[in-house]
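Asker: Pasting a structure below so you can have a look.
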Amino acid sequence: MSDDDDNGSDFQEFKASPDPPEEGINIKDIIMTGGFVIIIVGFVLGLIRLMALQGGETPDQFASDLEQLYLSYVIMFIGMVITCFLGFGGMFKRTMSSFLSRD
């Protein structure tokens, strides 16, 4: 393919849709950031509990630390659900509704 101009320099101008106006931070961005913070907090709490479990403890402390570890897993899961719903938008919602539908 060559760069020769067969139209006599009359190329059509490329016309794309205009860029959407940037309005700054919106509610979706704030909630998405909150979801990421929840994931990080759950990870840090879980890491602290894992390190505590590694040190060797009494059975009462072990049960308490294990419950807190499970709580950190739940916190991370909640953060992931929030970010999935907002990040993937309609695709994630349609997938979940197809799993939950009785058809």
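A note on labels: chains of the structure tokens are A, B, ... as shown, every chain counts residues from 1, and ligands are counted from 1 in their shown order.
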What's around range 79-85 of chain A at 6 Å? Count only C-alpha atoms, leave out sequence neighbours fewer than 2 positions away in its own chain, and write the answer as a PDB file with N, CA and C atoms, in the first residue's frame.
Answerer:
ATOM      1  N   MET A  32     -16.299   3.642  44.636  1.00  0.00           N
ATOM      2  CA  MET A  32     -15.264   2.720  44.169  1.00  0.00           C
ATOM      3  C   MET A  32     -14.004   2.846  45.032  1.00  0.00           C
ATOM      4  N   GLY A  35     -14.621   1.081  48.227  1.00  0.00           N
ATOM      5  CA  GLY A  35     -14.502  -0.365  48.065  1.00  0.00           C
ATOM      6  C   GLY A  35     -13.053  -0.819  48.101  1.00  0.00           C
ATOM      7  N   ILE A  38     -11.834  -0.647  51.649  1.00  0.00           N
ATOM      8  CA  ILE A  38     -12.351  -1.776  52.426  1.00  0.00           C
ATOM      9  C   ILE A  38     -11.530  -3.035  52.142  1.00  0.00           C
ATOM     10  N   ILE A  39     -11.173  -3.265  50.887  1.00  0.00           N
ATOM     11  CA  ILE A  39     -10.348  -4.428  50.539  1.00  0.00           C
ATOM     12  C   ILE A  39      -8.990  -4.342  51.231  1.00  0.00           C
ATOM     13  N   MET A  76     -13.017  -8.165  53.134  1.00  0.00           N
ATOM     14  CA  MET A  76     -12.450  -8.114  51.778  1.00  0.00           C
ATOM     15  C   MET A  76     -13.487  -8.512  50.737  1.00  0.00           C
ATOM     16  N   PHE A  77     -14.306  -9.512  51.044  1.00  0.00           N
ATOM     17  CA  PHE A  77     -15.339  -9.932  50.103  1.00  0.00           C
ATOM     18  C   PHE A  77     -16.345  -8.818  49.849  1.00  0.00           C
ATOM     19  N   GLY A  87     -17.494  -1.407  39.008  1.00  0.00           N
ATOM     20  CA  GLY A  87     -16.490  -1.488  37.948  1.00  0.00           C
ATOM     21  C   GLY A  87     -16.982  -2.184  36.700  1.00  0.00           C
ATOM     22  N   PHE A  88     -17.687  -3.285  36.872  1.00  0.00           N
ATOM     23  CA  PHE A  88     -18.163  -4.029  35.721  1.00  0.00           C
ATOM     24  C   PHE A  88     -19.566  -3.627  35.310  1.00  0.00           C
ATOM     25  N   GLY A  89     -20.226  -2.840  36.115  1.00  0.00           N
ATOM     26  CA  GLY A  89     -21.522  -2.279  35.767  1.00  0.00           C
ATOM     27  C   GLY A  89     -22.578  -3.308  35.434  1.00  0.00           C
TER      28      GLY A  89
END
Asker: If we count only C-alpha atoms and set the cut-off at 7 Å, which residues sit around range 41-56 of chain A, ignoring sequence neighbours fewer than 2 positions away in its own chain? Please answer as a list in words.
Answerer: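 Listing them by chain and then by number gives Val37, Ile38, Ile39, Phe62, Asp65, Gln68, Leu69, Ser72, Tyr73, Ile75 and Met76 of chain A.
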Asker: Could you pull out all residues of chain A with a DSSP call of alpha helix (DSSP H) and give them as an mmCIF file with N, CA, C and O atoms, in the first residue's frame?
Answerer:
data_model
loop_
_atom_site.group_PDB
_atom_site.id
_atom_site.type_symbol
_atom_site.label_atom_id
_atom_site.label_comp_id
_atom_site.auth_asym_id
_atom_site.auth_seq_id
_atom_site.Cartn_x
_atom_site.Cartn_y
_atom_site.Cartn_z
ATOM 1 N N ILE A 27 -20.016 10.460 42.478
ATOM 2 C CA ILE A 27 -20.379 9.495 43.522
ATOM 3 C C ILE A 27 -19.814 8.115 43.223
ATOM 4 O O ILE A 27 -19.352 7.422 44.127
ATOM 5 N N LYS A 28 -19.839 7.699 41.960
ATOM 6 C CA LYS A 28 -19.322 6.375 41.592
ATOM 7 C C LYS A 28 -17.845 6.254 41.945
ATOM 8 O O LYS A 28 -17.414 5.219 42.461
ATOM 9 N N ASP A 29 -17.061 7.282 41.697
ATOM 10 C CA ASP A 29 -15.635 7.249 42.025
ATOM 11 C C ASP A 29 -15.413 7.177 43.533
ATOM 12 O O ASP A 29 -14.519 6.478 44.001
ATOM 13 N N ILE A 30 -16.234 7.882 44.281
ATOM 14 C CA ILE A 30 -16.100 7.874 45.739
ATOM 15 C C ILE A 30 -16.415 6.489 46.293
ATOM 16 O O ILE A 30 -15.690 5.960 47.147
ATOM 17 N N ILE A 31 -17.486 5.866 45.801
ATOM 18 C CA ILE A 31 -17.862 4.536 46.277
ATOM 19 C C ILE A 31 -16.822 3.505 45.852
ATOM 20 O O ILE A 31 -16.474 2.609 46.622
ATOM 21 N N MET A 32 -16.299 3.642 44.636
ATOM 22 C CA MET A 32 -15.264 2.720 44.169
ATOM 23 C C MET A 32 -14.004 2.846 45.032
ATOM 24 O O MET A 32 -13.404 1.830 45.408
ATOM 25 N N THR A 33 -13.614 4.047 45.378
ATOM 26 C CA THR A 33 -12.466 4.253 46.254
ATOM 27 C C THR A 33 -12.737 3.649 47.622
ATOM 28 O O THR A 33 -11.848 3.031 48.224
ATOM 29 N N GLY A 34 -13.956 3.813 48.119
ATOM 30 C CA GLY A 34 -14.327 3.199 49.396
ATOM 31 C C GLY A 34 -14.215 1.683 49.343
ATOM 32 O O GLY A 34 -13.768 1.051 50.302
ATOM 33 N N GLY A 35 -14.621 1.081 48.227
ATOM 34 C CA GLY A 35 -14.502 -0.365 48.065
ATOM 35 C C GLY A 35 -13.053 -0.819 48.101
ATOM 36 O O GLY A 35 -12.723 -1.829 48.727
ATOM 37 N N PHE A 36 -12.167 -0.067 47.433
ATOM 38 C CA PHE A 36 -10.748 -0.414 47.461
ATOM 39 C C PHE A 36 -10.172 -0.269 48.866
ATOM 40 O O PHE A 36 -9.358 -1.083 49.295
ATOM 41 N N VAL A 37 -10.595 0.763 49.584
ATOM 42 C CA VAL A 37 -10.120 0.956 50.958
ATOM 43 C C VAL A 37 -10.589 -0.198 51.841
ATOM 44 O O VAL A 37 -9.828 -0.709 52.671
ATOM 45 N N ILE A 38 -11.834 -0.647 51.649
ATOM 46 C CA ILE A 38 -12.351 -1.776 52.426
ATOM 47 C C ILE A 38 -11.530 -3.035 52.142
ATOM 48 O O ILE A 38 -11.198 -3.790 53.061
ATOM 49 N N ILE A 39 -11.173 -3.265 50.887
ATOM 50 C CA ILE A 39 -10.348 -4.428 50.539
ATOM 51 C C ILE A 39 -8.990 -4.342 51.231
ATOM 52 O O ILE A 39 -8.498 -5.324 51.805
ATOM 53 N N ILE A 40 -8.368 -3.177 51.204
ATOM 54 C CA ILE A 40 -7.048 -3.008 51.813
ATOM 55 C C ILE A 40 -7.126 -3.171 53.327
ATOM 56 O O ILE A 40 -6.264 -3.823 53.933
ATOM 57 N N VAL A 41 -8.164 -2.617 53.954
ATOM 58 C CA VAL A 41 -8.322 -2.756 55.403
ATOM 59 C C VAL A 41 -8.512 -4.224 55.769
ATOM 60 O O VAL A 41 -7.897 -4.723 56.724
ATOM 61 N N GLY A 42 -9.344 -4.943 55.028
ATOM 62 C CA GLY A 42 -9.530 -6.368 55.284
ATOM 63 C C GLY A 42 -8.244 -7.151 55.122
ATOM 64 O O GLY A 42 -7.948 -8.054 55.914
ATOM 65 N N PHE A 43 -7.450 -6.797 54.110
ATOM 66 C CA PHE A 43 -6.175 -7.484 53.892
ATOM 67 C C PHE A 43 -5.219 -7.241 55.050
ATOM 68 O O PHE A 43 -4.569 -8.173 55.537
ATOM 69 N N VAL A 44 -5.132 -6.000 55.506
ATOM 70 C CA VAL A 44 -4.218 -5.676 56.603
ATOM 71 C C VAL A 44 -4.659 -6.382 57.887
ATOM 72 O O VAL A 44 -3.831 -6.949 58.609
ATOM 73 N N LEU A 45 -5.963 -6.354 58.178
ATOM 74 C CA LEU A 45 -6.445 -7.046 59.370
ATOM 75 C C LEU A 45 -6.180 -8.547 59.293
ATOM 76 O O LEU A 45 -5.782 -9.170 60.276
ATOM 77 N N GLY A 46 -6.387 -9.134 58.120
ATOM 78 C CA GLY A 46 -6.111 -10.552 57.948
ATOM 79 C C GLY A 46 -4.641 -10.868 58.111
ATOM 80 O O GLY A 46 -4.272 -11.880 58.720
ATOM 81 N N LEU A 47 -3.776 -10.002 57.587
ATOM 82 C CA LEU A 47 -2.338 -10.212 57.714
ATOM 83 C C LEU A 47 -1.901 -10.140 59.174
ATOM 84 O O LEU A 47 -1.090 -10.951 59.638
ATOM 85 N N ILE A 48 -2.466 -9.209 59.918
ATOM 86 C CA ILE A 48 -2.147 -9.090 61.338
ATOM 87 C C ILE A 48 -2.578 -10.350 62.087
ATOM 88 O O ILE A 48 -1.848 -10.885 62.922
ATOM 89 N N ARG A 49 -3.763 -10.859 61.759
ATOM 90 C CA ARG A 49 -4.254 -12.059 62.436
ATOM 91 C C ARG A 49 -3.432 -13.282 62.052
ATOM 92 O O ARG A 49 -3.160 -14.143 62.885
ATOM 93 N N LEU A 50 -3.028 -13.382 60.806
ATOM 94 C CA LEU A 50 -2.178 -14.511 60.396
ATOM 95 C C LEU A 50 -0.844 -14.482 61.120
ATOM 96 O O LEU A 50 -0.323 -15.522 61.532
ATOM 97 N N MET A 51 -0.283 -13.306 61.275
ATOM 98 C CA MET A 51 0.982 -13.196 61.993
ATOM 99 C C MET A 51 0.800 -13.552 63.468
ATOM 100 O O MET A 51 1.683 -14.157 64.084
ATOM 101 N N ALA A 52 -0.349 -13.193 64.043
ATOM 102 C CA ALA A 52 -0.620 -13.541 65.434
ATOM 103 C C ALA A 52 -0.807 -15.047 65.583
ATOM 104 O O ALA A 52 -0.366 -15.641 66.571
ATOM 105 N N LEU A 53 -1.465 -15.678 64.604
ATOM 106 C CA LEU A 53 -1.668 -17.128 64.667
ATOM 107 C C LEU A 53 -0.351 -17.889 64.531
ATOM 108 O O LEU A 53 -0.207 -18.990 65.038
ATOM 109 N N GLN A 54 0.600 -17.315 63.835
ATOM 110 C CA GLN A 54 1.872 -17.981 63.595
ATOM 111 C C GLN A 54 2.709 -18.057 64.876
ATOM 112 O O GLN A 54 3.516 -18.957 65.028
ATOM 113 N N PRO A 59 -5.424 -21.910 73.300
ATOM 114 C CA PRO A 59 -6.612 -22.217 72.491
ATOM 115 C C PRO A 59 -7.659 -21.100 72.476
ATOM 116 O O PRO A 59 -8.305 -20.887 71.462
ATOM 117 N N ASP A 60 -7.802 -20.370 73.579
ATOM 118 C CA ASP A 60 -8.775 -19.271 73.599
ATOM 119 C C ASP A 60 -8.342 -18.142 72.660
ATOM 120 O O ASP A 60 -9.156 -17.578 71.927
ATOM 121 N N GLN A 61 -7.072 -17.807 72.703
ATOM 122 C CA GLN A 61 -6.583 -16.760 71.816
ATOM 123 C C GLN A 61 -6.618 -17.219 70.362
ATOM 124 O O GLN A 61 -6.879 -16.416 69.469
ATOM 125 N N PHE A 62 -6.335 -18.492 70.138
ATOM 126 C CA PHE A 62 -6.366 -19.038 68.785
ATOM 127 C C PHE A 62 -7.761 -18.908 68.186
ATOM 128 O O PHE A 62 -7.922 -18.477 67.047
ATOM 129 N N ALA A 63 -8.791 -19.264 68.955
ATOM 130 C CA ALA A 63 -10.167 -19.168 68.467
ATOM 131 C C ALA A 63 -10.541 -17.721 68.179
ATOM 132 O O ALA A 63 -11.184 -17.423 67.170
ATOM 133 N N SER A 64 -10.127 -16.805 69.040
ATOM 134 C CA SER A 64 -10.427 -15.385 68.835
ATOM 135 C C SER A 64 -9.738 -14.854 67.578
ATOM 136 O O SER A 64 -10.350 -14.154 66.765
ATOM 137 N N ASP A 65 -8.451 -15.192 67.419
ATOM 138 C CA ASP A 65 -7.727 -14.731 66.232
ATOM 139 C C ASP A 65 -8.282 -15.348 64.958
ATOM 140 O O ASP A 65 -8.327 -14.694 63.910
ATOM 141 N N LEU A 66 -8.712 -16.590 65.031
ATOM 142 C CA LEU A 66 -9.282 -17.251 63.859
ATOM 143 C C LEU A 66 -10.609 -16.594 63.453
ATOM 144 O O LEU A 66 -10.870 -16.385 62.268
ATOM 145 N N GLU A 67 -11.426 -16.219 64.440
ATOM 146 C CA GLU A 67 -12.678 -15.515 64.141
ATOM 147 C C GLU A 67 -12.398 -14.165 63.502
ATOM 148 O O GLU A 67 -13.090 -13.747 62.569
ATOM 149 N N GLN A 68 -11.381 -13.468 64.002
ATOM 150 C CA GLN A 68 -11.025 -12.178 63.413
ATOM 151 C C GLN A 68 -10.461 -12.345 62.012
ATOM 152 O O GLN A 68 -10.652 -11.490 61.150
ATOM 153 N N LEU A 69 -9.773 -13.444 61.751
ATOM 154 C CA LEU A 69 -9.280 -13.724 60.402
ATOM 155 C C LEU A 69 -10.452 -13.933 59.449
ATOM 156 O O LEU A 69 -10.463 -13.406 58.335
ATOM 157 N N TYR A 70 -11.439 -14.689 59.888
ATOM 158 C CA TYR A 70 -12.635 -14.893 59.069
ATOM 159 C C TYR A 70 -13.365 -13.576 58.828
ATOM 160 O O TYR A 70 -13.878 -13.333 57.731
ATOM 161 N N LEU A 71 -13.402 -12.717 59.837
ATOM 162 C CA LEU A 71 -14.025 -11.401 59.673
ATOM 163 C C LEU A 71 -13.288 -10.586 58.622
ATOM 164 O O LEU A 71 -13.916 -9.898 57.805
ATOM 165 N N SER A 72 -11.972 -10.671 58.593
ATOM 166 C CA SER A 72 -11.217 -9.926 57.578
ATOM 167 C C SER A 72 -11.510 -10.462 56.185
ATOM 168 O O SER A 72 -11.564 -9.692 55.216
ATOM 169 N N TYR A 73 -11.730 -11.775 56.054
ATOM 170 C CA TYR A 73 -12.121 -12.334 54.760
ATOM 171 C C TYR A 73 -13.472 -11.782 54.311
ATOM 172 O O TYR A 73 -13.662 -11.456 53.138
ATOM 173 N N VAL A 74 -14.401 -11.668 55.244
ATOM 174 C CA VAL A 74 -15.730 -11.127 54.924
ATOM 175 C C VAL A 74 -15.614 -9.663 54.513
ATOM 176 O O VAL A 74 -16.256 -9.221 53.554
ATOM 177 N N ILE A 75 -14.783 -8.902 55.212
ATOM 178 C CA ILE A 75 -14.587 -7.481 54.878
ATOM 179 C C ILE A 75 -14.018 -7.348 53.466
ATOM 180 O O ILE A 75 -14.485 -6.519 52.669
ATOM 181 N N MET A 76 -13.017 -8.165 53.134
ATOM 182 C CA MET A 76 -12.450 -8.114 51.778
ATOM 183 C C MET A 76 -13.487 -8.512 50.737
ATOM 184 O O MET A 76 -13.554 -7.908 49.659
ATOM 185 N N PHE A 77 -14.306 -9.512 51.044
ATOM 186 C CA PHE A 77 -15.339 -9.932 50.103
ATOM 187 C C PHE A 77 -16.345 -8.818 49.849
ATOM 188 O O PHE A 77 -16.738 -8.578 48.697
ATOM 189 N N ILE A 78 -16.740 -8.104 50.890
ATOM 190 C CA ILE A 78 -17.677 -6.979 50.724
ATOM 191 C C ILE A 78 -17.060 -5.905 49.836
ATOM 192 O O ILE A 78 -17.718 -5.365 48.940
ATOM 193 N N GLY A 79 -15.787 -5.593 50.047
ATOM 194 C CA GLY A 79 -15.106 -4.612 49.201
ATOM 195 C C GLY A 79 -15.041 -5.049 47.755
ATOM 196 O O GLY A 79 -15.222 -4.257 46.832
ATOM 197 N N MET A 80 -14.802 -6.356 47.526
ATOM 198 C CA MET A 80 -14.744 -6.861 46.152
ATOM 199 C C MET A 80 -16.109 -6.813 45.478
ATOM 200 O O MET A 80 -16.207 -6.509 44.290
ATOM 201 N N VAL A 81 -17.164 -7.102 46.227
ATOM 202 C CA VAL A 81 -18.507 -7.035 45.647
ATOM 203 C C VAL A 81 -18.840 -5.600 45.256
ATOM 204 O O VAL A 81 -19.367 -5.350 44.161
ATOM 205 N N ILE A 82 -18.507 -4.651 46.109
ATOM 206 C CA ILE A 82 -18.775 -3.235 45.800
ATOM 207 C C ILE A 82 -18.039 -2.819 44.535
ATOM 208 O O ILE A 82 -18.623 -2.215 43.622
ATOM 209 N N THR A 83 -16.750 -3.126 44.456
ATOM 210 C CA THR A 83 -15.985 -2.705 43.277
ATOM 211 C C THR A 83 -16.419 -3.451 42.021
ATOM 212 O O THR A 83 -16.382 -2.885 40.929
ATOM 213 N N CYS A 84 -16.832 -4.708 42.159
ATOM 214 C CA CYS A 84 -17.311 -5.450 40.981
ATOM 215 C C CYS A 84 -18.606 -4.856 40.453
ATOM 216 O O CYS A 84 -18.770 -4.702 39.243
ATOM 217 N N PHE A 85 -19.532 -4.540 41.339
ATOM 218 C CA PHE A 85 -20.798 -3.976 40.882
ATOM 219 C C PHE A 85 -20.582 -2.644 40.181
ATOM 220 O O PHE A 85 -21.202 -2.362 39.159
ATOM 221 N N LEU A 86 -19.703 -1.813 40.715
ATOM 222 C CA LEU A 86 -19.481 -0.511 40.081
ATOM 223 C C LEU A 86 -18.531 -0.600 38.899
ATOM 224 O O LEU A 86 -18.716 0.069 37.889
ATOM 225 N N GLY A 87 -17.494 -1.407 39.008
ATOM 226 C CA GLY A 87 -16.490 -1.488 37.948
ATOM 227 C C GLY A 87 -16.982 -2.184 36.700
ATOM 228 O O GLY A 87 -16.721 -1.743 35.585
ATOM 229 N N PHE A 88 -17.687 -3.285 36.872
ATOM 230 C CA PHE A 88 -18.163 -4.029 35.721
ATOM 231 C C PHE A 88 -19.566 -3.627 35.310
ATOM 232 O O PHE A 88 -20.056 -4.051 34.274
ATOM 233 N N GLY A 90 -23.216 -3.119 34.309
ATOM 234 C CA GLY A 90 -24.333 -3.947 33.907
ATOM 235 C C GLY A 90 -23.965 -5.396 33.654
ATOM 236 O O GLY A 90 -24.783 -6.291 33.858
ATOM 237 N N MET A 91 -22.726 -5.651 33.226
ATOM 238 C CA MET A 91 -22.319 -7.023 32.934
ATOM 239 C C MET A 91 -22.375 -7.883 34.194
ATOM 240 O O MET A 91 -22.916 -8.990 34.178
ATOM 241 N N PHE A 92 -21.846 -7.389 35.292
ATOM 242 C CA PHE A 92 -21.850 -8.156 36.535
ATOM 243 C C PHE A 92 -23.276 -8.324 37.061
ATOM 244 O O PHE A 92 -23.645 -9.396 37.538
ATOM 245 N N LYS A 93 -24.078 -7.281 36.947
ATOM 246 C CA LYS A 93 -25.466 -7.361 37.416
ATOM 247 C C LYS A 93 -26.268 -8.374 36.601
ATOM 248 O O LYS A 93 -27.052 -9.147 37.154
ATOM 249 N N ARG A 94 -26.071 -8.398 35.289
ATOM 250 C CA ARG A 94 -26.783 -9.382 34.459
ATOM 251 C C ARG A 94 -26.329 -10.801 34.768
ATOM 252 O O ARG A 94 -27.133 -11.736 34.794
ATOM 253 N N THR A 95 -25.045 -10.980 35.035
ATOM 254 C CA THR A 95 -24.541 -12.300 35.377
ATOM 255 C C THR A 95 -25.135 -12.784 36.688
ATOM 256 O O THR A 95 -25.594 -13.927 36.788
ATOM 257 N N MET A 96 -25.153 -11.925 37.685
ATOM 258 C CA MET A 96 -25.715 -12.310 38.979
ATOM 259 C C MET A 96 -27.206 -12.592 38.866
ATOM 260 O O MET A 96 -27.715 -13.535 39.468
ATOM 261 N N SER A 97 -27.926 -11.784 38.084
ATOM 262 C CA SER A 97 -29.364 -12.022 37.942
ATOM 263 C C SER A 97 -29.634 -13.306 37.172
ATOM 264 O O SER A 97 -30.631 -13.984 37.413
ATOM 265 N N SER A 98 -28.753 -13.688 36.256
ATOM 266 C CA SER A 98 -28.959 -14.952 35.540
ATOM 267 C C SER A 98 -28.736 -16.145 36.469
ATOM 268 O O SER A 98 -29.387 -17.171 36.325
ATOM 269 N N PHE A 99 -27.821 -16.020 37.428
ATOM 270 C CA PHE A 99 -27.626 -17.080 38.406
ATOM 271 C C PHE A 99 -28.803 -17.177 39.369
ATOM 272 O O PHE A 99 -29.158 -18.261 39.830
ATOM 273 N N LEU A 100 -29.383 -16.032 39.688
ATOM 274 C CA LEU A 100 -30.459 -16.015 40.678
ATOM 275 C C LEU A 100 -31.841 -16.224 40.100
ATOM 276 O O LEU A 100 -32.790 -16.424 40.848
#
